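J.: Please find query-v9.cif (mmCIF, C-alpha atoms) on the next line:
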data_upload
loop_
_atom_site.label_atom_id
_atom_site.label_comp_id
_atom_site.auth_asym_id
_atom_site.auth_seq_id
_atom_site.Cartn_x
_atom_site.Cartn_y
_atom_site.Cartn_z
CA MET A 1 157.13 -30.38 21.30
CA ASN A 2 158.34 -28.47 24.36
CA ARG A 3 155.86 -25.71 25.13
CA ALA A 4 156.72 -25.12 28.77
CA LEU A 5 156.28 -21.85 30.64
CA PRO A 6 159.59 -21.45 32.52
CA HIS A 7 158.48 -18.80 34.98
CA ASP A 8 159.39 -20.83 38.06
CA PRO A 9 162.99 -20.23 39.21
CA ALA A 10 163.09 -23.74 40.56
CA GLY A 11 162.35 -25.17 37.13
CA LYS A 12 159.22 -26.02 35.19
CA ASP A 13 159.24 -29.57 36.52
CA GLY A 14 159.33 -28.59 40.20
CA PRO A 15 156.22 -28.66 42.42
CA ARG A 16 155.90 -24.88 42.37
CA GLY A 17 156.30 -24.76 38.59
CA ARG A 18 153.62 -27.42 38.05
CA LEU A 19 151.24 -25.62 40.42
CA ILE A 20 151.71 -22.24 38.72
CA SER A 21 151.29 -23.79 35.28
CA ALA A 22 148.11 -25.56 36.39
CA LEU A 23 146.66 -22.35 37.87
CA ARG A 24 147.53 -20.38 34.75
CA GLY A 25 145.91 -23.03 32.59
CA ARG A 26 142.69 -23.00 34.64
CA LEU A 27 142.55 -19.20 34.59
CA PHE A 28 143.15 -19.13 30.83
CA ARG A 29 140.30 -21.60 30.24
CA LEU A 30 138.02 -19.66 32.60
CA TRP A 31 138.72 -16.35 30.87
CA ASN A 32 138.74 -17.40 27.26
CA ASP A 33 135.83 -19.79 26.80
CA PRO A 34 132.70 -17.69 26.19
CA GLY A 35 130.48 -20.76 25.96
CA ARG A 36 131.69 -22.33 29.18
CA THR A 37 129.39 -22.50 32.18
CA LEU A 38 131.16 -21.01 35.18
CA PRO A 39 131.48 -23.42 38.09
CA ASP A 40 129.03 -22.70 40.89
CA ASN A 41 131.40 -22.65 43.86
CA ALA A 42 132.90 -20.33 46.45
CA THR A 43 135.84 -19.40 44.22
CA THR A 44 133.57 -18.20 41.42
CA ALA A 45 131.46 -16.23 43.90
CA LEU A 46 134.58 -14.59 45.30
CA LEU A 47 135.88 -13.72 41.83
CA PHE A 48 132.46 -12.34 40.84
CA ALA A 49 132.42 -10.10 43.91
CA ALA A 50 135.96 -8.95 43.13
CA SER A 51 134.92 -8.11 39.54
CA ARG A 52 132.02 -5.99 40.79
CA LEU A 53 134.40 -4.19 43.15
CA TYR A 54 136.81 -3.69 40.24
CA GLU A 55 134.03 -2.14 38.13
CA PHE A 56 133.08 0.20 40.98
CA GLY A 57 136.70 1.35 41.30
CA LEU A 58 136.98 1.70 37.52
CA LYS A 59 133.89 3.91 37.37
CA TRP A 60 135.28 6.15 40.11
CA SER A 61 138.76 6.45 38.59
CA GLN A 62 137.44 7.14 35.08
CA SER A 63 135.06 9.80 36.38
CA ARG A 64 137.96 11.46 38.17
CA ALA A 65 140.16 11.26 35.07
CA ARG A 66 137.51 12.90 32.91
CA LYS A 67 137.21 15.84 35.31
CA THR A 68 140.96 16.52 35.21
CA ARG A 69 141.54 15.54 31.58
CA ALA A 70 144.20 17.60 29.81
CA ALA A 71 144.44 18.51 26.12
CA LEU A 72 147.64 18.99 24.15
CA PRO A 73 148.25 21.08 21.00
CA ALA A 74 148.43 18.06 18.71
CA TYR A 75 146.12 15.56 17.08
CA VAL A 76 145.90 12.60 19.49
CA ILE A 77 145.12 9.06 18.36
CA SER A 78 144.66 6.29 20.91
CA ILE A 79 145.13 2.66 19.93
CA GLY A 80 144.02 0.24 22.61
CA ASN A 81 141.98 -2.79 23.49
CA LEU A 82 139.40 -3.98 25.98
CA VAL A 83 141.00 -7.19 27.22
CA THR A 84 144.21 -8.06 28.99
CA GLY A 85 146.87 -9.68 26.87
CA GLY A 86 147.70 -9.10 23.25
CA THR A 87 145.48 -8.12 20.36
CA GLY A 88 148.33 -6.84 18.20
CA LYS A 89 148.44 -3.20 19.31
CA THR A 90 152.14 -2.66 18.56
CA PRO A 91 152.04 -3.67 14.86
CA VAL A 92 148.88 -1.60 14.36
CA THR A 93 150.52 1.40 16.07
CA LEU A 94 153.47 1.08 13.69
CA PHE A 95 151.13 0.76 10.71
CA VAL A 96 149.24 3.92 11.69
CA CYS A 97 152.46 5.90 12.24
CA GLN A 98 153.84 4.79 8.89
CA ALA A 99 150.58 5.74 7.17
CA LEU A 100 150.65 9.16 8.86
CA GLY A 101 154.22 9.74 7.76
CA GLU A 102 153.32 8.91 4.17
CA GLU A 103 150.59 11.57 4.32
CA GLY A 104 152.97 14.28 5.52
CA PHE A 105 152.25 14.16 9.27
CA TYR A 106 154.92 13.97 11.98
CA PRO A 107 153.79 11.48 14.61
CA ALA A 108 155.34 10.57 17.93
CA ILE A 109 154.45 7.45 19.91
CA LEU A 110 153.57 7.61 23.59
CA SER A 111 153.92 4.34 25.51
CA ARG A 112 153.74 3.53 29.17
CA GLY A 113 156.87 1.40 28.82
CA TYR A 114 155.64 -1.69 30.64
CA GLY A 115 158.31 -3.29 32.83
CA ARG A 116 160.84 -0.48 32.42
CA LYS A 117 162.94 1.05 35.16
CA GLY A 118 161.87 4.54 36.15
CA GLU A 119 158.62 6.50 36.02
CA GLY A 120 159.47 9.85 34.43
CA PRO A 121 159.18 10.66 30.73
CA ALA A 122 162.08 9.63 28.50
CA ARG A 123 162.70 9.37 24.79
CA VAL A 124 163.56 5.85 23.73
CA CYS A 125 167.04 5.27 22.38
CA ALA A 126 167.21 2.23 20.11
CA GLU A 127 170.99 2.36 19.71
CA GLY A 128 173.39 0.22 21.69
CA ASP A 129 172.62 -3.05 23.44
CA ALA A 130 168.92 -3.74 22.84
CA ARG A 131 168.63 -5.80 26.02
CA VAL A 132 169.96 -2.94 28.14
CA GLN A 133 167.68 -0.49 26.36
CA SER A 134 164.64 -2.73 26.93
CA ASP A 135 165.36 -2.65 30.67
CA ILE A 136 165.45 1.14 30.59
CA PHE A 137 162.51 1.78 28.28
CA GLY A 138 160.55 -1.50 27.96
CA ASP A 139 160.66 -4.11 25.20
CA GLU A 140 157.82 -2.82 23.01
CA PRO A 141 159.00 0.83 22.96
CA VAL A 142 162.50 -0.31 21.92
CA LEU A 143 160.96 -2.48 19.21
CA MET A 144 158.90 0.46 17.88
CA ALA A 145 161.86 2.84 17.96
CA SER A 146 163.95 0.32 16.03
CA ALA A 147 161.22 -0.36 13.48
CA LEU A 148 160.51 3.34 12.78
CA PRO A 149 163.66 5.30 13.70
CA GLU A 150 162.20 8.49 12.18
CA VAL A 151 159.29 8.44 14.69
CA PRO A 152 160.11 9.62 18.24
CA VAL A 153 159.00 7.14 20.91
CA TRP A 154 158.46 8.44 24.42
CA VAL A 155 157.74 6.41 27.54
CA GLY A 156 156.16 7.48 30.80
CA ARG A 157 153.32 6.51 33.09
CA GLU A 158 151.61 9.90 32.62
CA ARG A 159 150.94 10.34 28.89
CA VAL A 160 150.15 14.04 29.37
CA VAL A 161 153.66 14.62 30.71
CA SER A 162 155.41 12.49 28.08
CA GLY A 163 153.23 14.09 25.39
CA ARG A 164 154.38 17.55 26.42
CA ALA A 165 157.96 16.32 26.38
CA ALA A 166 157.52 14.85 22.90
CA LEU A 167 156.12 18.13 21.57
CA ALA A 168 158.86 20.17 23.22
CA GLY A 169 161.59 17.78 22.10
CA ASN A 170 160.68 17.95 18.42
CA GLY A 171 158.94 21.03 17.05
CA GLU A 172 157.76 19.14 13.95
CA VAL A 173 155.61 16.64 15.86
CA ASP A 174 151.94 17.31 15.15
CA THR A 175 150.38 13.94 16.02
CA LEU A 176 150.61 11.86 19.18
CA VAL A 177 149.80 8.16 18.94
CA LEU A 178 149.04 6.43 22.24
CA ASP A 179 150.08 2.79 22.30
CA ASP A 180 147.60 0.99 24.59
CA GLY A 181 145.76 4.19 25.47
CA PHE A 182 142.06 3.33 25.60
CA GLN A 183 142.02 3.20 29.41
CA HIS A 184 144.27 6.25 29.81
CA LEU A 185 141.58 8.94 30.03
CA ALA A 186 143.78 11.62 31.59
CA LEU A 187 144.80 12.77 28.09
CA ASP A 188 142.13 14.05 25.72
CA ARG A 189 142.15 12.42 22.32
CA ASN A 190 140.69 13.13 18.91
CA LEU A 191 140.38 9.53 17.76
CA ASP A 192 139.92 6.31 19.74
CA ILE A 193 140.68 3.10 17.86
CA VAL A 194 140.09 -0.16 19.71
CA LEU A 195 141.36 -3.58 18.63
CA VAL A 196 139.18 -6.67 18.99
CA ASP A 197 140.44 -10.22 18.57
CA SER A 198 138.49 -12.00 15.83
CA ALA A 199 138.79 -15.43 17.42
CA ASN A 200 137.67 -14.46 20.92
CA PRO A 201 136.65 -10.80 21.17
CA PHE A 202 135.56 -10.55 24.82
CA GLY A 203 136.56 -13.81 26.50
CA ASN A 204 133.90 -14.97 28.94
CA GLY A 205 132.40 -11.46 29.06
CA PHE A 206 133.42 -10.62 32.64
CA THR A 207 135.78 -7.94 33.92
CA LEU A 208 138.88 -8.67 35.96
CA PRO A 209 139.53 -10.89 37.82
CA LEU A 210 136.66 -13.23 36.87
CA GLY A 211 137.24 -12.44 33.20
CA PRO A 212 139.84 -10.79 30.97
CA LEU A 213 138.00 -7.49 30.37
CA ARG A 214 139.64 -4.27 31.53
CA GLU A 215 136.28 -2.54 31.04
CA PRO A 216 132.74 -3.72 30.35
CA VAL A 217 131.95 -4.34 26.67
CA SER A 218 129.46 -1.45 26.72
CA HIS A 219 132.39 0.99 27.10
CA LEU A 220 133.26 0.42 23.45
CA GLU A 221 130.57 3.03 22.79
CA ARG A 222 133.22 5.70 23.27
CA ALA A 223 135.47 4.17 20.58
CA ASP A 224 135.44 5.93 17.21
CA ALA A 225 136.38 2.81 15.27
CA LEU A 226 137.06 -0.88 15.86
CA ILE A 227 139.72 -3.01 14.20
CA VAL A 228 139.14 -6.75 14.24
CA THR A 229 142.60 -8.33 14.36
CA ARG A 230 143.86 -11.80 13.44
CA ALA A 231 141.05 -12.10 10.92
CA VAL A 232 142.24 -15.35 9.36
CA ASP A 233 139.27 -17.63 10.02
CA GLY A 234 136.35 -16.73 7.72
CA PRO A 235 133.47 -18.12 9.82
CA ARG A 236 134.86 -16.67 13.07
CA LEU A 237 135.44 -13.29 11.44
CA LYS A 238 131.89 -13.24 10.10
CA LYS A 239 130.54 -14.12 13.55
CA THR A 240 132.61 -11.40 15.26
CA LEU A 241 131.64 -8.76 12.69
CA SER A 242 127.98 -9.67 13.14
CA LEU A 243 128.31 -9.42 16.92
CA LEU A 244 129.92 -5.98 16.72
CA ASP A 245 127.27 -4.76 14.29
CA ASP A 246 124.53 -5.91 16.67
CA LEU A 247 126.18 -4.27 19.69
CA PHE A 248 127.37 -1.06 18.03
CA PRO A 249 125.39 -0.45 14.84
CA GLY A 250 126.91 2.17 12.55
CA LYS A 251 130.35 2.18 14.19
CA PRO A 252 133.20 1.87 11.63
CA VAL A 253 134.75 -1.62 11.77
CA PHE A 254 137.85 -2.78 9.87
CA ALA A 255 139.52 -6.18 9.70
CA CYS A 256 143.20 -7.03 9.49
CA ARG A 257 145.53 -9.92 10.09
CA HIS A 258 149.06 -10.16 11.45
CA VAL A 259 151.41 -11.94 9.09
CA ILE A 260 155.09 -12.76 9.13
CA GLY A 261 156.50 -10.60 6.36
CA GLY A 262 159.97 -12.11 6.44
CA PHE A 263 162.93 -13.09 8.57
CA ARG A 264 166.04 -11.24 9.62
CA THR A 265 168.75 -13.89 9.98
CA SER A 266 171.42 -11.59 11.45
CA PRO A 267 171.31 -8.42 13.56
CA GLY A 268 170.99 -5.43 11.25
CA GLY A 269 170.76 -7.67 8.20
CA PRO A 270 168.09 -7.53 5.47
CA VAL A 271 164.61 -8.97 5.90
CA LEU A 272 164.38 -12.05 3.66
CA PRO A 273 160.98 -13.01 2.18
CA ALA A 274 159.01 -15.49 4.26
CA ALA A 275 158.39 -17.72 1.24
CA THR A 276 162.09 -18.58 0.99
CA PHE A 277 161.90 -20.36 4.36
CA ARG A 278 159.19 -22.82 3.37
CA GLY A 279 160.21 -26.38 4.19
CA ARG A 280 162.91 -25.38 6.68
CA ARG A 281 163.15 -26.73 10.20
CA ALA A 282 163.13 -24.40 13.20
CA VAL A 283 163.35 -24.27 16.97
CA ALA A 284 161.10 -21.40 18.06
CA PHE A 285 160.68 -19.46 21.27
CA ALA A 286 158.44 -16.54 22.24
CA GLY A 287 157.47 -14.55 25.31
CA ILE A 288 154.32 -12.79 24.10
CA ALA A 289 150.68 -12.82 25.18
CA GLU A 290 149.88 -16.00 23.20
CA PRO A 291 153.07 -17.73 22.03
CA GLU A 292 151.11 -20.59 20.47
CA ARG A 293 149.86 -18.25 17.78
CA PHE A 294 153.40 -17.42 16.75
CA PHE A 295 154.27 -21.10 16.49
CA ASP A 296 151.13 -21.71 14.43
CA ASP A 297 152.05 -18.80 12.12
CA LEU A 298 155.41 -20.44 11.48
CA SER A 299 153.75 -23.76 10.69
CA GLN A 300 151.31 -22.10 8.30
CA LEU A 301 154.29 -20.71 6.38
CA GLY A 302 155.43 -24.28 5.80
CA ILE A 303 158.17 -24.14 8.43
CA GLN A 304 158.55 -27.32 10.44
CA VAL A 305 158.70 -26.34 14.12
CA CYS A 306 160.61 -29.24 15.65
CA ASP A 307 160.64 -27.72 19.14
CA ALA A 308 159.01 -24.65 20.70
CA PHE A 309 159.45 -22.80 23.99
CA ALA A 310 156.67 -20.58 25.34
CA PHE A 311 157.52 -17.93 27.94
CA PRO A 312 155.35 -15.41 29.82
CA ASP A 313 154.67 -12.04 28.18
CA HIS A 314 157.52 -9.50 28.59
CA TYR A 315 159.79 -12.28 29.84
CA ARG A 316 163.42 -11.35 30.45
CA TYR A 317 165.64 -14.11 29.06
CA THR A 318 168.60 -15.50 30.94
CA ASP A 319 171.68 -17.32 29.70
CA SER A 320 170.24 -20.59 31.02
CA ASP A 321 167.06 -20.08 28.95
CA LEU A 322 169.06 -19.61 25.77
CA MET A 323 171.34 -22.54 26.63
CA ARG A 324 168.28 -24.76 27.01
CA ILE A 325 167.02 -23.61 23.60
CA LEU A 326 170.44 -24.17 22.02
CA ASP A 327 170.61 -27.60 23.60
CA SER A 328 167.30 -28.49 21.95
CA ALA A 329 168.66 -27.19 18.64
CA SER A 330 171.73 -29.39 18.93
CA LYS A 331 169.45 -32.43 19.14
CA CYS A 332 167.06 -31.73 16.26
CA SER A 333 169.50 -29.86 13.96
CA PRO A 334 167.16 -27.08 12.74
CA ASP A 335 167.92 -24.65 9.94
CA MET A 336 167.28 -21.76 12.31
CA ILE A 337 166.38 -20.70 15.84
CA VAL A 338 163.60 -18.14 15.48
CA THR A 339 161.74 -15.71 17.72
CA THR A 340 159.70 -12.51 17.50
CA ALA A 341 161.17 -9.03 17.19
CA LYS A 342 159.81 -8.21 20.64
CA ASP A 343 161.68 -11.16 22.14
CA ALA A 344 164.89 -10.54 20.21
CA VAL A 345 165.51 -7.21 21.96
CA LYS A 346 165.57 -9.03 25.32
CA ALA A 347 167.90 -11.87 24.35
CA PRO A 348 171.45 -11.70 25.77
CA SER A 349 173.68 -10.06 23.15
CA SER A 350 176.06 -13.00 23.02
CA TYR A 351 173.31 -15.19 21.53
CA ARG A 352 171.80 -12.80 18.96
CA GLU A 353 173.94 -13.96 16.06
CA ALA A 354 172.40 -17.42 16.43
CA ILE A 355 168.80 -16.13 16.39
CA SER A 356 166.61 -15.33 13.38
CA VAL A 357 163.88 -12.75 13.89
CA ALA A 358 160.37 -12.97 12.41
CA GLU A 359 159.21 -9.54 11.28
CA MET A 360 155.46 -9.11 11.70
CA LYS A 361 153.36 -6.80 9.55
CA ILE A 362 149.72 -5.79 9.30
CA ASP A 363 147.65 -6.78 6.29
CA PHE A 364 144.30 -4.99 6.00
CA GLY A 365 143.55 -6.64 2.68
CA ALA A 366 140.43 -5.15 1.10
CA ASP A 367 139.95 -2.88 4.14
CA GLY A 368 143.31 -1.14 3.66
CA HIS A 369 142.07 1.68 1.44
CA ARG A 370 138.91 2.13 3.48
CA PHE A 371 140.88 2.42 6.75
CA ARG A 372 143.34 4.96 5.32
CA GLU A 373 140.42 6.95 3.92
CA PHE A 374 138.73 6.92 7.33
CA LEU A 375 141.93 8.03 9.06
CA GLY A 376 142.58 10.83 6.58
CA LYS A 377 139.02 12.11 6.71
CA ARG A 378 139.02 12.26 10.51
CA MET A 379 142.36 14.00 10.66
CA GLY A 380 141.54 16.41 7.85
CA VAL A 381 138.36 17.64 9.54
CA SER A 382 140.09 17.99 12.89
CA LEU A 383 143.15 19.78 11.50
CA LYS A 384 140.89 22.27 9.70
CA LYS A 385 139.09 22.89 12.98
CA ARG A 386 142.42 23.44 14.76
CA ARG A 387 143.51 26.04 12.18
CA ILE A 388 140.20 27.92 12.47
CA GLU A 389 140.38 27.97 16.25
CA GLY A 390 144.03 28.93 16.17
CA ILE A 391 145.18 26.03 18.33
#
Represent the structure of the file as structure tokens.
T.:
Amino acid sequence: MNRALPHDPAGKDGPRGRLISALRGRLFRLWNDPGRTLPDNATTALLFAASRLYEFGLKWSQSRARKTRAALPAYVISIGNLVTGGTGKTPVTLFVCQALGEEGFYPAILSRGYGRKGEGPARVCAEGDARVQSDIFGDEPVLMASALPEVPVWVGRERVVSGRAALAGNGEVDTLVLDDGFQHLALDRNLDIVLVDSANPFGNGFTLPLGPLREPVSHLERADALIVTRAVDGPRLKKTLSLLDDLFPGKPVFACRHVIGGFRTSPGGPVLPAATFRGRRAVAFAGIAEPERFFDDLSQLGIQVCDAFAFPDHYRYTDSDLMRILDSASKCSPDMIVTTAKDAVKAPSSYREAISVAEMKIDFGADGHRFREFLGKRMGVSLKKRRIEGI
């Protein structure tokens, strides 16, 4: 199975490509093995010193942000995480916005728009060529705007500025949902929800660059609730829940898992149930934080992944990438070539008819009612307070 990371222009098999892949692999193992003893050498000492310097800078910048923090006339919900990489923030953001809409609220999403061109605030347009739009706004904002066209999605480095624009652009908006907002302290928020990966919640426990943490674990004290994501392994989930209860007793914790709800086999076509694809053969590709998880999800659905291509997160696909994938498909004759919705928006338009898209959804299971009840209670109390104070 081909699970190469084609981030080297000279090719994955070139000297530079092999070196980068080896370095990435070593860093991944260093960051994500909590039980591993760190090597006692000069490199580790240098990384440890850099992490301490990072924490010093973080403390200074967060203190400054708190002093100049701005509030907006809306209920603000932040959805974020503590580690670099993916914990499933985008699907959870969509779930929360959909739940808010069902309760009569009018949310707007604020995203930084990672990898986009431009810095100023802009409302995401999901119409037209998705690849062009992803260059302008970022892949995840385009995905969210396409998934929930009734919810305005705004991008901008400064969430205070884009939040003001969102409120001015649509007088009905009463709730702002920050996608990846836990570290963005410049905007005051009413509710901080932080996602924690069930399988490996804090990596090796160190902050960048020695570890994957954006902030020390103790900073989760300021979170109002935690959502344990990818809760598919019973023993691991139990261990993670126990750890969180020990560290933050009394803090609300919910568990959910990301599941493939179905497949869209043509652009704009219907989403077909995942069960109907059991037993089919597929060539898969993904450029997300952990592509292997997507491939495993396909296998667990009973889909035979005969070849798989892993790309770096937010990767911009070229014609040669898609030609290599199509060439693999011509050899193993799959029933479909499949990728994630986030990747599909970045594929060259001439290839989209040949690509099936896996639509991810959030399943809270038994915690679904409890989470909605928590969300409604928090918003109800706050909205009542806003009316009394005349905000």
J.: State, in Å with one decimal place, the distance from CA of Asp307 in chain A to CA of Ser349 in chain A.
T.: 22.3 Å
J.: List every residue of range 219-322 of chain A that has an atom at most 12 Å from any atom of range 183-190 of chain A, and for each one report the closest atom pair and its distance in Å to one decimal, counting all atoms listed in the file, with rows sorted by chain and then by increasing residue number, as CSV.
T.:
residue,atom,partner,partner_atom,distance
A:His219,CA,A:Gln183,CA,10.1
A:Leu220,CA,A:Gln183,CA,11.0
A:Arg222,CA,A:Gln183,CA,11.0
A:Ala223,CA,A:Asn190,CA,10.5
A:Asp224,CA,A:Asn190,CA,9.1
A:Ala225,CA,A:Asn190,CA,11.8
J.: Give me the result of the PyMOL selection byres ((chain A and resi 78-94) around 7) on this file, residue by residue, as JSON, numbers by chain.
T.: {"A": [76, 77, 95, 96, 97, 98, 144, 177, 178, 179, 180, 181, 182, 189, 191, 192, 193, 194, 195, 196, 197, 202, 212, 213, 214, 215, 229, 289, 361, 362]}
J.: Taking into account all atoms listed in the file, which residue in the set A:Ser218, A:Thr276, A:Ser134, A:Thr207 is nearest to Ala347 in chain A?
T.: A:Ser134
J.: Using all atoms listed in the file, find all polymer residues with an atom at most 8 Å away from the point (170.4, 3.2, 16.6); report them as a ChimeraX atom specification.
T.: /A:125-128,146,149
J.: Can you measure CA of Asp297 in chain A to CA of Val142 in chain A for me? One decimal in Å is fine.
T.: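 Interatomic distance here is 23.4 Å.
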J.: Return as a ChimeraX atom specification the set of residues that the PyMOL selection byres ((chain A and resi 171) around 12) yields on the displayed structure.
T.: /A:73-74,106-108,152,164-170,172-175
J.: Rounded to one decimal place, report the CA of Arg157 in chain A-CA of Gly113 in chain A distance in Å.
T.: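 Between CA of Arg157 in chain A and CA of Gly113 in chain A the gap works out to 7.5 Å.
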J.: Selection in question (the file shown): the PyMOL selection byres ((chain A and resi 325) around 9). Which residues does it include, as a list in words?
T.: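 In the shown coordinates, the PyMOL selection byres ((chain A and resi 325) around 9) covers Val283, Ala284, Phe285, Asp307, Ala308, Phe309, Ser320, Asp321, Leu322, Met323, Arg324, Leu326, Asp327, Ser328, Ala329, Ser330 and Ile337 of chain A.
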J.: Name the residues in contact with Pro267 in chain A at a cut-off of 12 Å, using only C-alpha atoms, excluding same-chain residues fewer than 5 positions from it; report them as a PyMOL selection string.
T.: chain A and resi 129-130+146+341+344-345+347+349-358
J.: For Ala122 in chain A, work out the shell of residues within 7 Å, counting only C-alpha atoms and skipping chain neighbours fewer than 3 positions away, then give it as a list in words.
T.: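 Returned residues: Trp154, Val155 and Gly156 of chain A.
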J.: Store the residues picked out above in a file with C-alpha atoms, as a PDB file, in the coordinates of the input.
T.:
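This is the output file result_24.pdb:
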ATOM      1  CA  TRP A 154     158.460   8.440  24.420  1.00  0.00           C
ATOM      2  CA  VAL A 155     157.740   6.410  27.540  1.00  0.00           C
ATOM      3  CA  GLY A 156     156.160   7.480  30.800  1.00  0.00           C
TER       4      GLY A 156
END
J.: Within 12 Å of (147.3, -16.1, 21.3) (coordinates as in the file), grab all the protein and nucleic acid residues, counting all atoms listed in the file, and write them out as a VMD selection string.
T.: chain A and resid 28 32 84 to 88 197 to 201 229 to 230 258 286 to 297 310 312 to 313
J.: Calculated over only C-alpha atoms, which of the candidates A:Val161, A:Leu208, A:Ile109, A:Val151 has the smallest distance to Leu46 in chain A?
T.: A:Leu208
J.: Within 7 Å of Ala231 in chain A, counting only C-alpha atoms, which residues show up once you throw out same-chain ones fewer than 5 positions away? Write them as a CSV table (one decimal) with C-alpha atoms, in the coordinates of the input, please.
T.:
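Output file around-v7.csv is given in full below:
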chain,number,residue,atom,x,y,z
A,198,SER,CA,138.5,-12.0,15.8
A,237,LEU,CA,135.4,-13.3,11.4
A,255,ALA,CA,139.5,-6.2,9.7
A,256,CYS,CA,143.2,-7.0,9.5
A,257,ARG,CA,145.5,-9.9,10.1
J.: Rank A:Phe206, A:Phe371, A:Phe263, A:Tyr315 by their smallest atom-to-atom distance to Val338 in chain A, using all atoms listed in the file, and report the top residue only.
T.: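 Closest candidate: A:Phe263.
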J.: Might you pull out every residue within 12 Å of Leu38 in chain A, with only C-alpha atoms counted and same-chain residues fewer than 4 positions away left off, and present them as a VMD selection string?
T.: chain A and resid 26 to 27 29 to 34 42 to 45 47 to 48 204 to 206 210 to 211
J.: Using all atoms listed in the file, find the one residue out of A:Pro141, A:Phe254, A:Gly268, A:Pro273 that sits nearest to Asp363 in chain A.
T.: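 Selected residue with least distance to Asp363 in chain A: A:Phe254.
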